[in-house]
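I have placed the structure first, in the form of structure tokens, so that the comments after it can refer back to it.
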Amino acid sequence: MKELEEILKTKANLSLPKKTVLNISYSSIWMKDAIASVLKPFDISVEQFNVLRILRGQKGNPTNLQDIQDRMISKMSNTTRLVDKLISKGYVERFICEENRRKVEIFITKEGLKLLTKIDPIIETTEIQITDNLNNTELETLNYLLTKIRD
């Protein structure tokens, strides 16, 4: 198990708060890269995958860009661009509401649902591999502590 200082190639004596923030940041990027690498063969980004999961969670009901944005893990994502890319790939459809022309409704397509059916088991396996060094008690503690940091 490599220590953070070894990974960062630093001899600096990091304060515990700094080491904690750097370690969480590094681990987050490491995990995102692991997920991105298994999504690459499907020509889909982590953010696009997140949009598809949000739309699947609507269970056939429409949603709008603001609702998707509110539920995104990365709040910096350009939701309009992500949805446009998913539309061009045939995974999402966008319709103008007949009653309110300013309202745009977004749905996942059958192709989008099929793609998620293929990707889900691969993502699940990757998540298990990422967390494999921790037992259930450690995972529960880690989740508790990460939630506590955000409070």
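Naming scheme: A, B, ... for chains in displayed order of the structure tokens; residues 1 onward per chain; ligands 1 onward as shown.
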
Taking 5 positions as the minimum chain separation for residues in the same chain, which residues sit within 10 Å of Gly90 (chain A) when counting only C-alpha atoms? Answer as a list in words.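 My list of contacting residues is Asp84, Lys85, Ile108, Thr109, Lys110, Glu111 and Gly112 of chain A.
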
Nearby residues (only C-alpha atoms) at most 8 Å from region 20-32 of chain A, same-chain spacing under 2 positions excluded, as an MDAnalysis selection string: chainID A and resid 4 16:18 34:36 46 130

Looking at A:Ala12, A:Thr131, A:Thr63, A:Arg150, which one is nearest to Cys97 (chain A), with distances taken over only C-alpha atoms?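 Distance minimum relative to Cys97 (chain A) lands on A:Thr63.
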
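Reported to one decimal place, the separation of CA of Ile149 (chain A) from CA of Lys75 (chain A) is 18.1 Å.
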
Using DSSP on the backbone, list every residue of region 22-149 of chain A that comes out as strand (DSSP E or B), and give them as a tab-separated table (two decimals) with N, CA and C atoms, in the first residue's frame.
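In the end it all went to selection32.tsv:
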```tsv
chain	number	residue	atom	x	y	z
A	63	THR	N	-38.37	14.41	-17.74
A	63	THR	CA	-37.71	15.33	-16.81
A	63	THR	C	-37.16	16.48	-17.64
A	92	VAL	N	-31.15	9.27	-25.91
A	92	VAL	CA	-32.05	10.21	-25.24
A	92	VAL	C	-32.88	10.92	-26.30
A	93	GLU	N	-34.10	11.30	-25.93
A	93	GLU	CA	-34.95	12.11	-26.80
A	93	GLU	C	-35.39	13.35	-26.04
A	94	ARG	N	-35.58	14.43	-26.80
A	94	ARG	CA	-36.02	15.70	-26.20
A	94	ARG	C	-37.25	16.16	-26.98
A	95	PHE	N	-38.29	16.55	-26.25
A	95	PHE	CA	-39.52	17.03	-26.88
A	95	PHE	C	-39.92	18.36	-26.27
A	96	ILE	N	-40.51	19.21	-27.09
A	96	ILE	CA	-41.10	20.46	-26.61
A	96	ILE	C	-42.51	20.12	-26.14
A	104	VAL	N	-39.22	21.86	-21.92
A	104	VAL	CA	-38.58	20.81	-22.70
A	104	VAL	C	-38.58	19.54	-21.85
A	105	GLU	N	-39.07	18.45	-22.45
A	105	GLU	CA	-39.13	17.18	-21.74
A	105	GLU	C	-38.08	16.23	-22.32
A	106	ILE	N	-37.36	15.56	-21.43
A	106	ILE	CA	-36.26	14.68	-21.82
A	106	ILE	C	-36.57	13.26	-21.34
A	107	PHE	N	-36.39	12.29	-22.25
A	107	PHE	CA	-36.65	10.89	-21.97
A	107	PHE	C	-35.45	10.04	-22.36
A	108	ILE	N	-35.27	8.92	-21.70
A	108	ILE	CA	-34.29	7.93	-22.14
A	108	ILE	C	-34.98	7.05	-23.19
```

Can you tell me, as a PyMOL selection string, which residues in region 2-151 of chain A count as alpha helix (DSSP H) by DSSP? chain A and resi 4-8+16-39+46-56+65-71+79-88+110-130+136-150

Between A:Leu134, A:Leu115, A:Met76, A:Ile128, which residue has the minimum interatomic distance to Ile44 (chain A), considering only C-alpha atoms?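 Once distances to Ile44 (chain A) are computed over only C-alpha atoms, the minimum belongs to A:Leu115.
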
Between CA of Gln58 (chain A) and CA of Arg101 (chain A), measure the distance and give it in Å to one decimal. 21.5 Å
